[in-house]
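What follows is query_27.pdb (PDB, C-alpha atoms).
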```pdb
ATOM      1  CA  MET E   1     -10.510  17.752  14.644
ATOM      2  CA  PRO E   2      -9.402  20.933  12.867
ATOM      3  CA  ARG E   3     -10.370  21.631   9.286
ATOM      4  CA  PHE E   4      -7.733  23.102   7.024
ATOM      5  CA  GLY E   5      -8.594  25.645   4.342
ATOM      6  CA  GLY E   6     -12.142  24.360   3.873
ATOM      7  CA  CYS E   7     -10.964  20.801   3.161
ATOM      8  CA  VAL E   8     -13.053  17.759   3.979
ATOM      9  CA  GLU E   9     -12.327  15.893   7.195
ATOM     10  CA  ILE E  10     -12.024  12.196   6.350
ATOM     11  CA  GLY E  11     -12.789  10.521   9.687
ATOM     12  CA  SER E  12     -11.431   6.995  10.175
ATOM     13  CA  MET E  13      -9.968   6.491   6.675
ATOM     14  CA  ILE E  14      -6.314   5.431   6.604
ATOM     15  CA  ARG E  15      -3.600   5.121   3.998
ATOM     16  CA  VAL E  16      -1.000   2.403   4.230
ATOM     17  CA  GLU E  17       2.408   2.491   2.595
ATOM     18  CA  LEU E  18       4.235  -0.764   1.916
ATOM     19  CA  ASP E  19       7.802   0.335   1.294
ATOM     20  CA  LEU E  20       9.828  -2.162  -0.735
ATOM     21  CA  ARG E  21      13.447  -2.020  -1.853
ATOM     22  CA  ALA E  22      14.130  -4.419  -4.700
ATOM     23  CA  LYS E  23      17.468  -6.184  -4.842
ATOM     24  CA  ALA E  24      19.784  -4.751  -7.494
ATOM     25  CA  GLY E  25      18.458  -5.616 -10.925
ATOM     26  CA  ARG E  26      15.323  -7.353  -9.570
ATOM     27  CA  ARG E  27      12.781  -4.500  -9.668
ATOM     28  CA  ASP E  28      11.042  -5.814 -12.781
ATOM     29  CA  GLU E  29      10.755  -9.269 -11.196
ATOM     30  CA  LEU E  30       9.266  -7.670  -8.085
ATOM     31  CA  LEU E  31       6.724  -5.820 -10.231
ATOM     32  CA  ALA E  32       5.902  -9.065 -12.055
ATOM     33  CA  VAL E  33       5.291 -10.824  -8.734
ATOM     34  CA  LEU E  34       3.068  -7.983  -7.563
ATOM     35  CA  GLY E  35       1.167  -8.288 -10.840
ATOM     36  CA  LYS E  36       1.022 -12.082 -10.732
ATOM     37  CA  ILE E  37      -0.421 -12.083  -7.246
ATOM     38  CA  ASP E  38      -2.786  -9.442  -8.604
ATOM     39  CA  VAL E  39      -2.556  -7.461  -5.388
ATOM     40  CA  LEU E  40      -5.163  -4.928  -6.356
ATOM     41  CA  THR E  41      -7.743  -7.576  -7.259
ATOM     42  CA  ALA E  42      -7.005  -9.615  -4.146
ATOM     43  CA  VAL E  43      -7.387  -6.575  -1.942
ATOM     44  CA  ASN E  44     -10.620  -5.619  -3.704
ATOM     45  CA  ARG E  45     -12.264  -8.610  -2.077
ATOM     46  CA  GLN E  46     -11.428  -7.209   1.347
ATOM     47  CA  PRO E  47     -14.175  -5.214   3.086
ATOM     48  CA  GLY E  48     -13.184  -1.587   3.615
ATOM     49  CA  PHE E  49     -10.706  -1.458   0.725
ATOM     50  CA  VAL E  50     -10.883   1.906  -1.077
ATOM     51  CA  GLY E  51      -8.030   1.754  -3.604
ATOM     52  CA  ALA E  52      -4.321   1.172  -4.176
ATOM     53  CA  GLU E  53      -1.366   2.329  -6.265
ATOM     54  CA  ILE E  54       2.012   0.859  -7.107
ATOM     55  CA  GLN E  55       4.609   3.618  -7.372
ATOM     56  CA  LEU E  56       8.172   3.507  -8.657
ATOM     57  CA  GLY E  57      11.002   5.660  -7.361
ATOM     58  CA  VAL E  58      11.859   8.484  -9.740
ATOM     59  CA  ASP E  59      15.491   8.821  -8.656
ATOM     60  CA  ASP E  60      15.887   5.372  -7.079
ATOM     61  CA  ARG E  61      15.175   2.497  -9.482
ATOM     62  CA  GLN E  62      15.018  -0.078  -6.697
ATOM     63  CA  HIS E  63      12.361   1.724  -4.631
ATOM     64  CA  VAL E  64       8.786   0.433  -4.979
ATOM     65  CA  LEU E  65       5.943   1.821  -2.895
ATOM     66  CA  VAL E  66       2.510   0.220  -2.663
ATOM     67  CA  THR E  67      -0.019   2.686  -1.244
ATOM     68  CA  SER E  68      -3.495   1.541  -0.268
ATOM     69  CA  SER E  69      -6.495   3.314   1.237
ATOM     70  CA  TRP E  70      -8.846   1.710   3.747
ATOM     71  CA  ALA E  71     -12.116   2.767   5.365
ATOM     72  CA  SER E  72     -10.583   2.198   8.803
ATOM     73  CA  LYS E  73      -7.558   0.822  10.624
ATOM     74  CA  GLU E  74      -9.595  -2.256  11.523
ATOM     75  CA  HIS E  75     -10.249  -3.027   7.854
ATOM     76  CA  PHE E  76      -6.518  -2.886   7.104
ATOM     77  CA  GLU E  77      -5.702  -5.013  10.151
ATOM     78  CA  ARG E  78      -8.099  -7.710   8.859
ATOM     79  CA  TRP E  79      -6.231  -7.608   5.509
ATOM     80  CA  GLN E  80      -2.901  -7.912   7.361
ATOM     81  CA  ALA E  81      -4.217 -10.974   9.200
ATOM     82  CA  SER E  82      -5.357 -12.644   5.958
ATOM     83  CA  PRO E  83      -3.536 -15.448   4.129
ATOM     84  CA  ALA E  84      -3.306 -13.179   1.046
ATOM     85  CA  TRP E  85      -1.148 -10.644   2.963
ATOM     86  CA  ALA E  86       1.150 -13.429   4.205
ATOM     87  CA  GLU E  87       1.381 -14.812   0.644
ATOM     88  CA  LEU E  88       2.284 -11.379  -0.719
ATOM     89  CA  LEU E  89       5.101 -10.953   1.787
ATOM     90  CA  ASP E  90       6.328 -14.495   1.156
ATOM     91  CA  GLN E  91       6.380 -13.964  -2.622
ATOM     92  CA  VAL E  92       8.381 -10.725  -2.479
ATOM     93  CA  GLN E  93      10.830 -11.839   0.225
ATOM     94  CA  SER E  94      13.489 -13.181  -2.163
ATOM     95  CA  LEU E  95      13.267 -10.075  -4.373
ATOM     96  CA  VAL E  96      13.800  -7.385  -1.746
ATOM     97  CA  SER E  97      17.007  -6.323  -0.055
ATOM     98  CA  ARG E  98      15.373  -5.545   3.277
ATOM     99  CA  LYS E  99      12.250  -6.437   5.173
ATOM    100  CA  PRO E 100       9.180  -4.671   3.733
ATOM    101  CA  ILE E 101       8.051  -1.750   5.878
ATOM    102  CA  ALA E 102       4.317  -1.130   6.317
ATOM    103  CA  ARG E 103       3.209   2.197   7.790
ATOM    104  CA  ALA E 104      -0.364   3.362   8.389
ATOM    105  CA  PHE E 105      -1.487   6.986   8.414
ATOM    106  CA  ARG E 106      -4.892   8.352   9.434
ATOM    107  CA  VAL E 107      -6.204  10.722   6.772
ATOM    108  CA  VAL E 108      -7.121  13.994   8.448
ATOM    109  CA  ASP E 109      -7.308  16.283   5.436
ATOM    110  CA  LEU E 110      -7.853  15.843   1.715
ATOM    111  CA  VAL E 111      -7.531  18.473  -0.965
ATOM    112  CA  GLU E 112      -8.764  17.690  -4.457
ATOM    113  CA  ALA E 113      -8.393  19.790  -7.568
ATOM    114  CA  ALA E 114     -11.576  21.474  -8.706
TER     115      ALA E 114
END
```
Using structure tokens, write down the structure from this file.
Amino acid sequence: MPRFGGCVEIGSMIRVELDLRAKAGRRDELLAVLGKIDVLTAVNRQPGFVGAEIQLGVDDRQHVLVTSSWASKEHFERWQASPAWAELLDQVQSLVSRKPIARAFRVVDLVEAA
């Protein structure tokens, strides 16, 4: 695996994006559901969980992105197979205008500010 500009090679770590589009006027409800389910705490109980963020679109008020980091693809797949993942998707279903899209990316390079 190539190294870029002296950066650290991460190995099997992955990042997962859960791309959500809230129905018009329902973004705050979607955020409340994400908070009520306490996604970050629920995921914390999953082996291999590294961290997560909930991000809001700057120019698109209905766009919500949940980004999580996992030690490996297998760790994320175990989370996806869990009842908590199914509950999360079930809870947000009525608040989104399209099916949530989950995409996984293998981290091959990481640059951190000194």
Note to self: Here's the selection I'm unsure about, the PyMOL selection byres ((chain E and resi 52) around 8); applied to the file above, which residues does it give, as a PyMOL selection string?
What the structure shows: chain E and resi 40+50-51+53-54+66-69
Check: If you count all atoms listed in the file, which residues fall within 7 Å of Ile101 (chain E), apart from same-chain ones fewer than 2 positions away, as a list in words?
Finding: Leu18, Asp19, Leu20, Lys99 and Arg103 of chain E
Margin query: Starting from the PyMOL selection byres ((chain E and resi 30-36) around 12), expand the selection into actual residues of this file and give them as a PyMOL selection string.
Written below: chain E and resi 18+20-29+37-43+53-56+61-66+84-85+87-97
Item checked: Counting only C-alpha atoms, the option among E:Lys73, E:Arg78, E:Arg98, E:Arg106 closest to Arg45 (chain E) -> E:Arg78
Notebook entry, point to check: What is the CA of Asn44 (chain E)-CA of Pro100 (chain E) distance in Å, reported with one decimal?
Noted result: 21.2 Å
Notebook entry, point to check: So which residues get picked by the PyMOL selection byres ((chain E and resi 12) around 7) here, written as a ChimeraX atom specification?
Noted result: /E:10-11,13-14,71-72,106
Item checked: d(CA of Arg15 (chain E), CA of Ala104 (chain E)) in Å -> 5.7 Å
Next item on the list: Using CA of Ser82 (chain E) and CA of Pro47 (chain E) as the two end points, give the distance in Å to one decimal.
Entry: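 CA of Pro47 (chain E) lies at a distance of 11.9 Å from CA of Ser82 (chain E).
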Using only the atoms of region 81-97 of chain E listed in the file, plus 5 Å on each side, state the axis-aligned box centre and edge lengths in Å rounded to one decimal, as lines of an AutoDock Vina configuration file.
```
center_x = 5.8
center_y = -10.9
center_z = 2.4
size_x = 32.4
size_y = 19.1
size_z = 23.6
```
Note to self: Using all atoms listed in the file for the distances, tell me which of E:Ala114, E:Asp60, E:Gln46, E:Asp109 is nearest to Trp79 (chain E).
What the structure shows: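 Nearest to Trp79 (chain E): E:Gln46.
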